[in-house]
file coords.txt (compact mmCIF, C-alpha atoms)
# COMPACT_ATOMS: atom_id res chain seq x y z
CA MET A 1 -1.67 -17.95 -8.70
CA GLY A 2 -4.83 -16.26 -9.86
CA LEU A 3 -8.35 -15.15 -9.00
CA LYS A 4 -11.49 -17.22 -8.66
CA ARG A 5 -14.78 -15.64 -9.73
CA PHE A 6 -18.31 -16.98 -9.39
CA ARG A 7 -21.53 -17.05 -11.35
CA PRO A 8 -23.77 -14.21 -10.14
CA THR A 9 -26.37 -16.49 -8.56
CA THR A 10 -26.57 -14.08 -5.58
CA ASP A 11 -25.85 -10.40 -5.12
CA ALA A 12 -22.85 -11.27 -2.95
CA LEU A 13 -21.24 -13.55 -5.53
CA ARG A 14 -21.72 -11.06 -8.37
CA HIS A 15 -18.61 -9.04 -7.42
CA THR A 16 -16.73 -11.63 -5.35
CA ALA A 17 -13.15 -12.33 -6.42
CA ILE A 18 -10.96 -14.47 -4.20
CA SER A 19 -7.63 -16.22 -4.60
CA ASP A 20 -7.68 -19.63 -6.22
CA PHE A 21 -4.76 -20.75 -4.01
CA SER A 22 -3.32 -22.65 -6.97
CA GLU A 23 0.25 -21.89 -5.91
CA LEU A 24 -0.10 -23.70 -2.57
CA THR A 25 1.52 -27.12 -2.37
CA LYS A 26 0.81 -28.03 1.27
CA SER A 27 -2.44 -27.60 3.18
CA THR A 28 -1.35 -28.34 6.77
CA PRO A 29 1.20 -26.13 8.54
CA GLU A 30 4.41 -27.33 10.20
CA LYS A 31 3.44 -28.07 13.82
CA ARG A 32 6.83 -27.18 15.27
CA LEU A 33 6.58 -23.70 13.77
CA LEU A 34 3.18 -22.83 15.29
CA ILE A 35 2.30 -20.92 18.45
CA PRO A 36 -1.20 -20.08 19.74
CA ARG A 37 -2.79 -16.74 18.94
CA LYS A 38 -5.27 -15.43 21.47
CA GLY A 39 -7.91 -13.04 20.15
CA THR A 40 -8.45 -9.88 22.18
CA GLY A 41 -11.60 -8.58 20.52
CA GLY A 42 -9.97 -5.15 20.54
CA ARG A 43 -9.91 -5.04 24.38
CA ASN A 44 -6.97 -4.25 26.63
CA ASN A 45 -6.13 -5.93 29.95
CA ARG A 46 -8.87 -3.89 31.66
CA GLY A 47 -11.54 -5.06 29.26
CA ARG A 48 -11.93 -1.71 27.57
CA ILE A 49 -12.17 -1.34 23.80
CA THR A 50 -8.94 0.19 22.51
CA SER A 51 -9.33 -0.90 18.87
CA ARG A 52 -12.85 -0.68 17.53
CA HIS A 53 -14.63 -2.95 15.04
CA ARG A 54 -12.65 -6.06 15.93
CA GLY A 55 -13.86 -9.37 17.31
CA GLY A 56 -15.04 -12.83 16.36
CA GLY A 57 -13.53 -14.44 13.30
CA HIS A 58 -11.96 -17.80 12.71
CA LYS A 59 -9.37 -19.19 15.12
CA ARG A 60 -5.78 -18.85 13.91
CA MET A 61 -2.31 -20.02 14.83
CA ILE A 62 0.78 -17.84 14.46
CA ARG A 63 3.47 -19.10 12.10
CA ILE A 64 7.01 -18.45 13.34
CA ILE A 65 8.73 -16.72 10.43
CA ASP A 66 12.45 -16.25 9.98
CA PHE A 67 12.78 -12.51 9.31
CA LYS A 68 16.46 -12.40 10.34
CA ARG A 69 17.79 -15.04 7.91
CA ASP A 70 20.71 -15.49 10.31
CA LYS A 71 21.57 -19.04 9.25
CA THR A 72 24.35 -17.87 6.98
CA ASP A 73 26.36 -19.74 4.35
CA MET A 74 24.10 -22.80 4.54
CA PRO A 75 21.89 -23.66 1.53
CA ALA A 76 18.21 -24.39 2.05
CA LYS A 77 15.73 -26.15 -0.20
CA VAL A 78 12.14 -25.00 -0.67
CA ILE A 79 9.89 -27.94 0.17
CA ALA A 80 6.45 -26.27 0.19
CA ILE A 81 4.48 -23.07 -0.43
CA GLU A 82 1.84 -22.52 2.27
CA TYR A 83 -1.01 -20.20 3.24
CA ASP A 84 -0.74 -17.87 6.24
CA PRO A 85 -4.04 -16.53 7.65
CA ASN A 86 -2.23 -13.69 9.44
CA ARG A 87 -0.77 -11.93 6.37
CA SER A 88 -1.39 -11.28 2.70
CA ALA A 89 1.83 -12.95 1.50
CA ARG A 90 2.39 -16.68 1.13
CA LEU A 91 4.98 -18.61 3.12
CA ALA A 92 7.76 -20.85 1.84
CA LEU A 93 8.78 -23.77 4.04
CA VAL A 94 12.52 -24.30 3.60
CA GLN A 95 14.76 -27.07 4.91
CA TYR A 96 18.46 -26.46 5.54
CA ASN A 97 21.17 -29.02 4.95
CA ASP A 98 21.32 -29.77 8.68
CA GLY A 99 17.62 -30.73 8.69
CA GLU A 100 16.20 -27.59 10.34
CA ARG A 101 13.01 -26.22 8.85
CA ARG A 102 11.96 -22.56 8.81
CA TYR A 103 9.27 -20.37 7.29
CA ILE A 104 10.17 -17.39 5.10
CA ILE A 105 8.06 -14.92 3.13
CA ALA A 106 7.60 -16.43 -0.34
CA PRO A 107 8.77 -14.08 -3.14
CA ALA A 108 7.26 -14.16 -6.61
CA GLY A 109 8.98 -16.77 -8.76
CA LEU A 110 10.18 -19.00 -5.90
CA ASN A 111 9.12 -22.59 -6.50
CA VAL A 112 9.35 -25.94 -4.74
CA ASN A 113 12.81 -27.57 -4.98
CA ASP A 114 14.53 -24.21 -5.54
CA GLU A 115 17.67 -23.64 -3.47
CA ILE A 116 18.25 -20.40 -1.55
CA ILE A 117 20.98 -19.13 0.75
CA SER A 118 21.77 -16.23 3.05
CA SER A 119 25.36 -15.16 2.53
CA ASP A 120 27.65 -12.25 1.70
CA THR A 121 28.64 -14.12 -1.46
CA ALA A 122 25.08 -15.13 -2.42
CA GLU A 123 24.12 -15.04 -6.09
CA ILE A 124 21.66 -12.29 -7.09
CA LYS A 125 18.75 -14.71 -7.36
CA VAL A 126 15.15 -14.64 -6.15
CA GLY A 127 14.97 -15.76 -2.51
CA ASN A 128 18.64 -15.23 -1.66
CA THR A 129 19.52 -12.86 1.18
CA THR A 130 22.62 -10.71 1.33
CA ARG A 131 23.80 -7.31 2.50
CA ILE A 132 22.58 -4.25 0.63
CA GLU A 133 26.14 -3.32 -0.37
CA ASN A 134 26.27 -6.52 -2.47
CA ILE A 135 23.01 -5.82 -4.35
CA PRO A 136 23.15 -3.77 -7.58
CA ALA A 137 20.95 -0.70 -7.95
CA GLY A 138 17.62 -1.24 -9.68
CA ILE A 139 17.13 -4.81 -8.41
CA PRO A 140 13.77 -5.31 -6.59
CA ILE A 141 14.26 -6.34 -2.97
CA HIS A 142 12.01 -7.13 0.00
CA ASN A 143 12.33 -8.06 3.69
CA VAL A 144 14.65 -5.11 4.24
CA GLU A 145 16.24 -4.37 7.60
CA ILE A 146 16.36 -0.82 8.94
CA ARG A 147 19.03 -1.62 11.53
CA LYS A 148 21.66 -4.33 11.25
CA GLY A 149 20.53 -7.56 12.92
CA SER A 150 17.04 -6.28 13.80
CA GLY A 151 15.27 -8.46 11.26
CA ALA A 152 13.24 -7.49 8.22
CA THR A 153 10.70 -4.71 8.79
CA ILE A 154 10.10 -3.20 5.31
CA ALA A 155 8.31 -4.64 2.25
CA ARG A 156 6.82 -7.81 3.73
CA SER A 157 3.23 -7.78 2.41
CA ALA A 158 1.90 -9.19 -0.87
CA GLY A 159 3.28 -7.59 -4.03
CA ASN A 160 5.61 -5.16 -2.25
CA SER A 161 9.23 -4.45 -3.10
CA CYS A 162 11.90 -1.77 -2.67
CA VAL A 163 14.51 -0.51 -5.11
CA ILE A 164 18.06 0.69 -4.40
CA MET A 165 18.46 4.08 -6.04
CA ALA A 166 22.07 4.90 -5.17
CA LYS A 167 24.89 4.18 -2.68
CA GLU A 168 27.01 6.79 -0.98
CA GLY A 169 29.20 6.62 2.08
CA GLY A 170 27.90 3.93 4.41
CA TYR A 171 24.28 4.20 3.26
CA ALA A 172 22.08 3.28 0.33
CA GLN A 173 19.14 5.36 -0.88
CA VAL A 174 16.25 2.90 -0.97
CA LYS A 175 12.85 3.72 -2.47
CA LEU A 176 10.16 2.18 -0.27
CA PRO A 177 6.75 0.90 -1.49
CA SER A 178 5.15 4.15 -0.25
CA GLY A 179 7.41 6.20 -2.54
CA GLU A 180 9.55 7.46 0.34
CA ILE A 181 13.30 7.43 -0.23
CA ARG A 182 15.23 6.54 2.91
CA LEU A 183 18.86 6.01 3.86
CA ILE A 184 19.55 2.44 4.99
CA GLY A 185 22.93 1.09 6.09
CA LEU A 186 24.89 -0.95 3.58
CA ASP A 187 25.42 -3.68 6.17
CA CYS A 188 21.67 -4.33 6.52
CA LEU A 189 20.21 -7.48 4.98
CA ALA A 190 17.65 -7.65 2.19
CA THR A 191 16.14 -10.47 0.14
CA ILE A 192 16.15 -10.48 -3.65
CA GLY A 193 12.82 -10.29 -5.47
CA GLN A 194 9.27 -9.05 -5.01
CA VAL A 195 6.88 -10.51 -2.43
CA GLY A 196 4.53 -13.01 -4.06
CA ASN A 197 0.72 -13.22 -4.23
CA ILE A 198 0.70 -10.07 -6.36
CA GLU A 199 -3.03 -10.41 -7.21
CA HIS A 200 -3.98 -9.86 -3.56
CA GLU A 201 -4.86 -6.22 -4.16
CA THR A 202 -7.52 -7.20 -6.72
CA ILE A 203 -9.43 -9.42 -4.28
CA SER A 204 -13.05 -8.37 -3.63
CA ILE A 205 -14.50 -9.66 -0.36
CA GLY A 206 -18.01 -9.66 -1.84
CA LYS A 207 -20.11 -9.98 1.31
CA ALA A 208 -20.22 -8.86 4.92
CA GLY A 209 -19.98 -12.42 6.18
CA ARG A 210 -16.47 -12.86 4.84
CA SER A 211 -15.37 -9.77 6.80
CA ARG A 212 -16.76 -11.39 9.95
CA TRP A 213 -14.73 -14.53 9.22
CA MET A 214 -11.63 -12.34 9.27
CA GLY A 215 -12.57 -10.80 12.62
CA LEU A 216 -13.75 -7.45 11.23
CA ARG A 217 -16.95 -6.15 12.79
CA PRO A 218 -19.36 -3.62 11.23
CA TYR A 219 -18.92 0.12 11.63
CA SER A 220 -21.15 3.13 11.10
CA ARG A 221 -20.05 6.31 9.35
CA GLY A 222 -19.81 9.41 11.50
CA VAL A 223 -22.08 11.52 9.27
CA VAL A 224 -25.07 9.24 9.87
CA LYS A 225 -24.84 9.53 13.67
CA ASN A 226 -26.37 12.07 16.02
CA PRO A 227 -24.40 15.14 17.14
CA HIS A 228 -23.87 13.79 20.65
CA ASP A 229 -22.38 10.57 19.20
CA HIS A 230 -19.97 12.05 16.67
CA PRO A 231 -18.62 15.51 15.74
CA MET A 232 -19.67 14.94 12.11
CA GLY A 233 -23.22 13.86 13.00
CA GLY A 234 -26.50 15.73 12.83
CA GLY A 235 -27.93 18.11 10.25
CA GLU A 236 -31.08 17.98 8.20
CA GLY A 237 -30.87 15.54 5.33
CA LYS A 238 -27.47 14.35 4.11
CA ALA A 239 -25.20 16.91 5.75
CA SER A 240 -21.47 16.47 5.19
CA GLY A 241 -20.64 17.17 8.83
CA GLY A 242 -17.63 19.42 8.29
CA LEU A 243 -14.02 18.27 8.23
CA PRO A 244 -13.36 14.52 8.58
CA ARG A 245 -12.38 13.63 12.13
CA SER A 246 -12.54 10.84 14.68
CA PRO A 247 -15.32 10.47 17.29
CA TRP A 248 -13.02 12.29 19.73
CA GLY A 249 -12.38 15.28 17.47
CA GLN A 250 -8.97 14.35 16.02
CA TYR A 251 -8.78 15.58 12.42
CA ALA A 252 -8.31 12.75 9.96
CA LYS A 253 -6.99 14.61 6.90
CA GLY A 254 -4.13 17.10 6.77
CA LEU A 255 -3.21 16.93 10.47
CA LYS A 256 0.46 16.12 10.94
CA THR A 257 0.85 13.52 13.68
CA ARG A 258 4.54 12.69 13.28
CA LYS A 259 6.64 14.70 15.69
CA SER A 260 10.32 15.35 15.15
CA LYS A 261 12.20 12.07 15.45
CA PRO A 262 15.92 11.28 15.33
CA SER A 263 15.22 9.05 12.31
CA ASP A 264 14.03 12.06 10.27
CA LYS A 265 17.61 12.61 9.15
CA TYR A 266 17.49 9.32 7.24
CA ILE A 267 14.51 10.37 5.12
CA VAL A 268 15.74 11.79 1.81
CA LYS A 269 12.32 12.30 0.24
CA ARG A 270 8.92 11.97 1.87
CA ARG A 271 6.21 9.89 0.28
CA ARG A 272 4.23 13.05 -0.55
call {"tool": "encode", "arguments": {"input": "coords.txt", "output": "structure tokens"}}
result
Amino acid sequence: MGLKRFRPTTDALRHTAISDFSELTKSTPEKRLLIPRKGTGGRNNRGRITSRHRGGGHKRMIRIIDFKRDKTDMPAKVIAIEYDPNRSARLALVQYNDGERRYIIAPAGLNVNDEIISSDTAEIKVGNTTRIENIPAGIPIHNVEIRKGSGATIARSAGNSCVIMAKEGGYAQVKLPSGEIRLIGLDCLATIGQVGNIEHETISIGKAGRSRWMGLRPYSRGVVKNPHDHPMGGGEGKASGGLPRSPWGQYAKGLKTRKSKPSDKYIVKRRR
């Protein structure tokens, strides 16, 4: 696992830094764990753009990932580490003792031939899944459930992890990657370790073409547009255009968009 840099033979390659994919052990995905992914180009069912600057890009297939880890008390062996074009983390292909194969998010330090398990009596070891009440405070965890049985929803991208701060009553105070501290039930599942591919945040795309390969189309800043195209447009010379906002006038900085939710009572400390 590392970065690949290039000789600066072109302006694009001068700052390009991409993954060397050295940790991958298998280049072709498991066919039984694939489903088609249809690109929308940012359009809804009426053909109207609902998400701008999306379209094109390479064709992809969706990997079916086991976020629930509901095959309990049965050991599984890691047989491959694979690439997933739909996420920043790597995938681990595991095979259970009954022959079934599943994909899981690959944590840092999990290698081929390692054995993992999902159990209430699981050892505190990278890749094992157990309930939060069985995990000591201070241990990095990922793939954390918010509600029992709902499947992992927190800390699933490259390099992310949570930490259990304290346990009280039926809840644990868990510090999320954003810095927020939230109450999560002790009966919720979590996986030991930090998500792998930690160097992902240091990748530099290097050129516009690589963004197009990923399905990201170009965009223009609001301040360079005309007043009838954007609230921040117009002005002689390089005018700042006032407060940052969307083309439809929604303020982009400082405006609180989260309304009162029942889940607010589970937030101990906000990320800011």
call {"tool": "atom_distance", "arguments": {"input": "coords.txt", "atom1": "atom CA of A:Val78", "atom2": "atom CA of A:Gln95"}}
result
6.5 Å
call {"tool": "closest_residue", "arguments": {"input": "coords.txt", "among": "A:Val195, A:Ile184, A:Val223, A:Ile49", "to": "A:Ala239", "atoms": "only C-alpha atoms"}}
result
A:Val223
call {"tool": "residues_near_point", "arguments": {"input": "coords.txt", "point": "(-12.0, -14.7, 13.9)", "cutoff": "12 Å", "atoms": "all atoms listed in the file", "output": "mmCIF file with C-alpha atoms, keeping the file's coordinate frame"}}
result
data_model
loop_
_atom_site.group_PDB
_atom_site.id
_atom_site.type_symbol
_atom_site.label_atom_id
_atom_site.label_comp_id
_atom_site.auth_asym_id
_atom_site.auth_seq_id
_atom_site.Cartn_x
_atom_site.Cartn_y
_atom_site.Cartn_z
ATOM 1 C CA ARG A 37 -2.790 -16.740 18.940
ATOM 2 C CA LYS A 38 -5.270 -15.430 21.470
ATOM 3 C CA GLY A 39 -7.910 -13.040 20.150
ATOM 4 C CA THR A 40 -8.450 -9.880 22.180
ATOM 5 C CA GLY A 41 -11.600 -8.580 20.520
ATOM 6 C CA GLY A 42 -9.970 -5.150 20.540
ATOM 7 C CA ARG A 54 -12.650 -6.060 15.930
ATOM 8 C CA GLY A 55 -13.860 -9.370 17.310
ATOM 9 C CA GLY A 56 -15.040 -12.830 16.360
ATOM 10 C CA GLY A 57 -13.530 -14.440 13.300
ATOM 11 C CA HIS A 58 -11.960 -17.800 12.710
ATOM 12 C CA LYS A 59 -9.370 -19.190 15.120
ATOM 13 C CA ARG A 60 -5.780 -18.850 13.910
ATOM 14 C CA MET A 61 -2.310 -20.020 14.830
ATOM 15 C CA PRO A 85 -4.040 -16.530 7.650
ATOM 16 C CA ASN A 86 -2.230 -13.690 9.440
ATOM 17 C CA GLY A 209 -19.980 -12.420 6.180
ATOM 18 C CA ARG A 210 -16.470 -12.860 4.840
ATOM 19 C CA SER A 211 -15.370 -9.770 6.800
ATOM 20 C CA ARG A 212 -16.760 -11.390 9.950
ATOM 21 C CA TRP A 213 -14.730 -14.530 9.220
ATOM 22 C CA MET A 214 -11.630 -12.340 9.270
ATOM 23 C CA GLY A 215 -12.570 -10.800 12.620
ATOM 24 C CA LEU A 216 -13.750 -7.450 11.230
ATOM 25 C CA ARG A 217 -16.950 -6.150 12.790
#
call {"tool": "residues_around", "arguments": {"input": "coords.txt", "residues": "A:Lys238", "least_positions_apart": "2", "cutoff": "12 Å", "atoms": "all atoms listed in the file", "output": "list in words"}}
result
Gly222, Val223, Val224, Lys225, Met232, Gly233, Gly234, Gly235, Glu236, Ser240, Gly241 and Gly242 of chain A
call {"tool": "write_last_selection", "arguments": {"input": "coords.txt", "atoms": "C-alpha atoms", "output": "PDB file, in the frame of the given file"}}
result
ATOM      1  CA  GLY A 222     -19.810   9.410  11.500  1.00  0.00           C
ATOM      2  CA  VAL A 223     -22.080  11.520   9.270  1.00  0.00           C
ATOM      3  CA  VAL A 224     -25.070   9.240   9.870  1.00  0.00           C
ATOM      4  CA  LYS A 225     -24.840   9.530  13.670  1.00  0.00           C
ATOM      5  CA  MET A 232     -19.670  14.940  12.110  1.00  0.00           C
ATOM      6  CA  GLY A 233     -23.220  13.860  13.000  1.00  0.00           C
ATOM      7  CA  GLY A 234     -26.500  15.730  12.830  1.00  0.00           C
ATOM      8  CA  GLY A 235     -27.930  18.110  10.250  1.00  0.00           C
ATOM      9  CA  GLU A 236     -31.080  17.980   8.200  1.00  0.00           C
ATOM     10  CA  SER A 240     -21.470  16.470   5.190  1.00  0.00           C
ATOM     11  CA  GLY A 241     -20.640  17.170   8.830  1.00  0.00           C
ATOM     12  CA  GLY A 242     -17.630  19.420   8.290  1.00  0.00           C
TER      13      GLY A 242
END
call {"tool": "closest_residue", "arguments": {"input": "coords.txt", "among": "A:Leu183, A:Leu3, A:Cys162, A:Ile117", "to": "A:Pro75", "atoms": "only C-alpha atoms"}}
result
A:Ile117
call {"tool": "atom_distance", "arguments": {"input": "coords.txt", "atom1": "atom CA of A:Arg147", "atom2": "atom CA of A:Ile64"}}
result
20.8 Å
call {"tool": "residues_around", "arguments": {"input": "coords.txt", "residues": "A:Ile267", "least_positions_apart": "3", "cutoff": "9 Å", "atoms": "only C-alpha atoms", "output": "compact mmCIF listing (two decimals) with C-alpha atoms, keeping the file's coordinate frame"}}
result
# COMPACT_ATOMS: atom_id res chain seq x y z
CA GLU A 180 9.55 7.46 0.34
CA ILE A 181 13.30 7.43 -0.23
CA ARG A 182 15.23 6.54 2.91
CA LEU A 183 18.86 6.01 3.86
CA SER A 263 15.22 9.05 12.31
CA ASP A 264 14.03 12.06 10.27
CA ARG A 270 8.92 11.97 1.87
call {"tool": "residues_around", "arguments": {"input": "coords.txt", "residues": "A:Ile65", "least_positions_apart": "6", "cutoff": "9 Å", "atoms": "all atoms listed in the file", "output": "PyMOL selection string"}}
result
chain A and resi 33+91+102-105
call {"tool": "closest_residue", "arguments": {"input": "coords.txt", "among": "A:Arg63, A:Arg131, A:Lys259, A:Lys77", "to": "A:Leu110", "atoms": "all atoms listed in the file"}}
result
A:Lys77
call {"tool": "closest_residue", "arguments": {"input": "coords.txt", "among": "A:Gly127, A:Gly138, A:Gly185, A:Pro36", "to": "A:Val112", "atoms": "only C-alpha atoms"}}
result
A:Gly127
call {"tool": "atom_distance", "arguments": {"input": "coords.txt", "atom1": "atom CA of A:Arg32", "atom2": "atom CA of A:Asp98"}}
result
16.1 Å
call {"tool": "residues_near_point", "arguments": {"input": "coords.txt", "point": "(12.2, -16.0, -7.5)", "cutoff": "10 Å", "atoms": "all atoms listed in the file", "output": "PDB file with C-alpha atoms, keeping the file's coordinate frame"}}
result
ATOM      1  CA  ALA A 106       7.600 -16.430  -0.340  1.00  0.00           C
ATOM      2  CA  PRO A 107       8.770 -14.080  -3.140  1.00  0.00           C
ATOM      3  CA  ALA A 108       7.260 -14.160  -6.610  1.00  0.00           C
ATOM      4  CA  GLY A 109       8.980 -16.770  -8.760  1.00  0.00           C
ATOM      5  CA  LEU A 110      10.180 -19.000  -5.900  1.00  0.00           C
ATOM      6  CA  ASN A 111       9.120 -22.590  -6.500  1.00  0.00           C
ATOM      7  CA  ASP A 114      14.530 -24.210  -5.540  1.00  0.00           C
ATOM      8  CA  ILE A 116      18.250 -20.400  -1.550  1.00  0.00           C
ATOM      9  CA  LYS A 125      18.750 -14.710  -7.360  1.00  0.00           C
ATOM     10  CA  VAL A 126      15.150 -14.640  -6.150  1.00  0.00           C
ATOM     11  CA  GLY A 127      14.970 -15.760  -2.510  1.00  0.00           C
ATOM     12  CA  ASN A 128      18.640 -15.230  -1.660  1.00  0.00           C
ATOM     13  CA  ILE A 192      16.150 -10.480  -3.650  1.00  0.00           C
ATOM     14  CA  GLY A 193      12.820 -10.290  -5.470  1.00  0.00           C
ATOM     15  CA  GLN A 194       9.270  -9.050  -5.010  1.00  0.00           C
ATOM     16  CA  VAL A 195       6.880 -10.510  -2.430  1.00  0.00           C
ATOM     17  CA  GLY A 196       4.530 -13.010  -4.060  1.00  0.00           C
TER      18      GLY A 196
END
call {"tool": "closest_atom_pairs", "arguments": {"input": "coords.txt", "of": "stretch 157-243 of chain A", "to": "stretch 5-15 of chain A", "cutoff": "12 Å", "atoms": "all atoms listed in the file", "output": "Markdown table"}}
result
| residue | atom | partner | partner_atom | distance |
| --- | --- | --- | --- | --- |
| A:Thr202 | CA | A:His15 | CA | 11.3 |
| A:Ile203 | CA | A:His15 | CA | 9.7 |
| A:Ser204 | CA | A:His15 | CA | 6.8 |
| A:Ile205 | CA | A:His15 | CA | 8.2 |
| A:Gly206 | CA | A:Ala12 | CA | 5.2 |
| A:Lys207 | CA | A:Ala12 | CA | 5.2 |
| A:Ala208 | CA | A:Ala12 | CA | 8.6 |
| A:Gly209 | CA | A:Ala12 | CA | 9.6 |
| A:Arg210 | CA | A:Ala12 | CA | 10.2 |
call {"tool": "residues_around", "arguments": {"input": "coords.txt", "residues": "A:Arg245", "least_positions_apart": "2", "cutoff": "10 Å", "atoms": "all atoms listed in the file", "output": "list in words"}}
result
Gly222, His230, Pro231, Met232, Gly241, Gly242, Leu243, Pro247, Trp248, Gly249, Gln250, Tyr251, Ala252, Lys253 and Leu255 of chain A
call {"tool": "residues_around", "arguments": {"input": "coords.txt", "residues": "A:Ala158", "least_positions_apart": "3", "cutoff": "7 Å", "atoms": "all atoms listed in the file", "output": "PyMOL selection string"}}
result
chain A and resi 88-89+195-198+200
call {"tool": "closest_residue", "arguments": {"input": "coords.txt", "among": "A:Lys68, A:Arg52, A:Phe21, A:Gly159", "to": "A:Pro218", "atoms": "only C-alpha atoms"}}
result
A:Arg52
call {"tool": "closest_residue", "arguments": {"input": "coords.txt", "among": "A:Phe67, A:Asn113, A:Arg101, A:Glu168", "to": "A:Thr153", "atoms": "all atoms listed in the file"}}
result
A:Phe67
call {"tool": "build_atoms", "arguments": {"input": "coords.txt", "residues": "stretch 35-57 of chain A", "atoms": "N, CA and C atoms", "output": "mmCIF file, in the frame of the given file"}}
result
data_model
loop_
_atom_site.group_PDB
_atom_site.id
_atom_site.type_symbol
_atom_site.label_atom_id
_atom_site.label_comp_id
_atom_site.auth_asym_id
_atom_site.auth_seq_id
_atom_site.Cartn_x
_atom_site.Cartn_y
_atom_site.Cartn_z
ATOM 1 N N ILE A 35 2.572 -21.309 17.067
ATOM 2 C CA ILE A 35 2.300 -20.920 18.450
ATOM 3 C C ILE A 35 0.869 -20.392 18.500
ATOM 4 N N PRO A 36 0.200 -20.514 19.665
ATOM 5 C CA PRO A 36 -1.200 -20.080 19.740
ATOM 6 C C PRO A 36 -1.329 -18.565 19.598
ATOM 7 N N ARG A 37 -2.460 -18.152 19.058
ATOM 8 C CA ARG A 37 -2.790 -16.740 18.940
ATOM 9 C C ARG A 37 -4.109 -16.504 19.658
ATOM 10 N N LYS A 38 -4.073 -15.707 20.694
ATOM 11 C CA LYS A 38 -5.270 -15.430 21.470
ATOM 12 C C LYS A 38 -5.915 -14.145 20.970
ATOM 13 N N GLY A 39 -7.197 -14.222 20.611
ATOM 14 C CA GLY A 39 -7.910 -13.040 20.150
ATOM 15 C C GLY A 39 -8.287 -12.135 21.307
ATOM 16 N N THR A 40 -8.145 -10.836 21.116
ATOM 17 C CA THR A 40 -8.450 -9.880 22.180
ATOM 18 C C THR A 40 -9.798 -9.208 21.996
ATOM 19 N N GLY A 41 -10.361 -9.283 20.786
ATOM 20 C CA GLY A 41 -11.600 -8.580 20.520
ATOM 21 C C GLY A 41 -11.456 -7.074 20.616
ATOM 22 N N GLY A 42 -10.216 -6.587 20.468
ATOM 23 C CA GLY A 42 -9.970 -5.150 20.540
ATOM 24 C C GLY A 42 -9.934 -4.607 21.952
ATOM 25 N N ARG A 43 -9.931 -5.489 22.979
ATOM 26 C CA ARG A 43 -9.910 -5.040 24.380
ATOM 27 C C ARG A 43 -8.509 -5.100 24.957
ATOM 28 N N ASN A 44 -8.247 -4.217 25.937
ATOM 29 C CA ASN A 44 -6.970 -4.250 26.630
ATOM 30 C C ASN A 44 -7.102 -5.107 27.892
ATOM 31 N N ASN A 45 -6.102 -5.064 28.771
ATOM 32 C CA ASN A 45 -6.130 -5.930 29.950
ATOM 33 C C ASN A 45 -7.173 -5.493 30.980
ATOM 34 N N ARG A 46 -7.804 -4.345 30.761
ATOM 35 C CA ARG A 46 -8.870 -3.890 31.660
ATOM 36 C C ARG A 46 -10.247 -4.131 31.054
ATOM 37 N N GLY A 47 -10.272 -4.749 29.886
ATOM 38 C CA GLY A 47 -11.540 -5.060 29.260
ATOM 39 C C GLY A 47 -12.148 -3.926 28.476
ATOM 40 N N ARG A 48 -11.396 -2.860 28.281
ATOM 41 C CA ARG A 48 -11.930 -1.710 27.570
ATOM 42 C C ARG A 48 -11.533 -1.760 26.095
ATOM 43 N N ILE A 49 -12.433 -1.314 25.236
ATOM 44 C CA ILE A 49 -12.170 -1.340 23.800
ATOM 45 C C ILE A 49 -11.118 -0.278 23.462
ATOM 46 N N THR A 50 -9.991 -0.727 22.940
ATOM 47 C CA THR A 50 -8.940 0.190 22.510
ATOM 48 C C THR A 50 -8.785 0.176 20.990
ATOM 49 N N SER A 51 -9.339 -0.837 20.331
ATOM 50 C CA SER A 51 -9.330 -0.900 18.870
ATOM 51 C C SER A 51 -10.730 -1.337 18.434
ATOM 52 N N ARG A 52 -11.453 -0.400 17.830
ATOM 53 C CA ARG A 52 -12.850 -0.680 17.530
ATOM 54 C C ARG A 52 -13.021 -1.594 16.317
ATOM 55 N N HIS A 53 -14.211 -2.154 16.197
ATOM 56 C CA HIS A 53 -14.630 -2.950 15.040
ATOM 57 C C HIS A 53 -13.811 -4.223 14.880
ATOM 58 N N ARG A 54 -13.377 -4.794 15.987
ATOM 59 C CA ARG A 54 -12.650 -6.060 15.930
ATOM 60 C C ARG A 54 -13.324 -7.065 16.854
ATOM 61 N N GLY A 55 -13.284 -8.328 16.475
ATOM 62 C CA GLY A 55 -13.860 -9.370 17.310
ATOM 63 C C GLY A 55 -14.414 -10.502 16.471
ATOM 64 N N GLY A 56 -14.553 -11.654 17.078
ATOM 65 C CA GLY A 56 -15.040 -12.830 16.360
ATOM 66 C C GLY A 56 -14.006 -13.340 15.390
ATOM 67 N N GLY A 57 -14.463 -13.935 14.307
ATOM 68 C CA GLY A 57 -13.530 -14.440 13.300
ATOM 69 C C GLY A 57 -13.078 -15.859 13.583
#
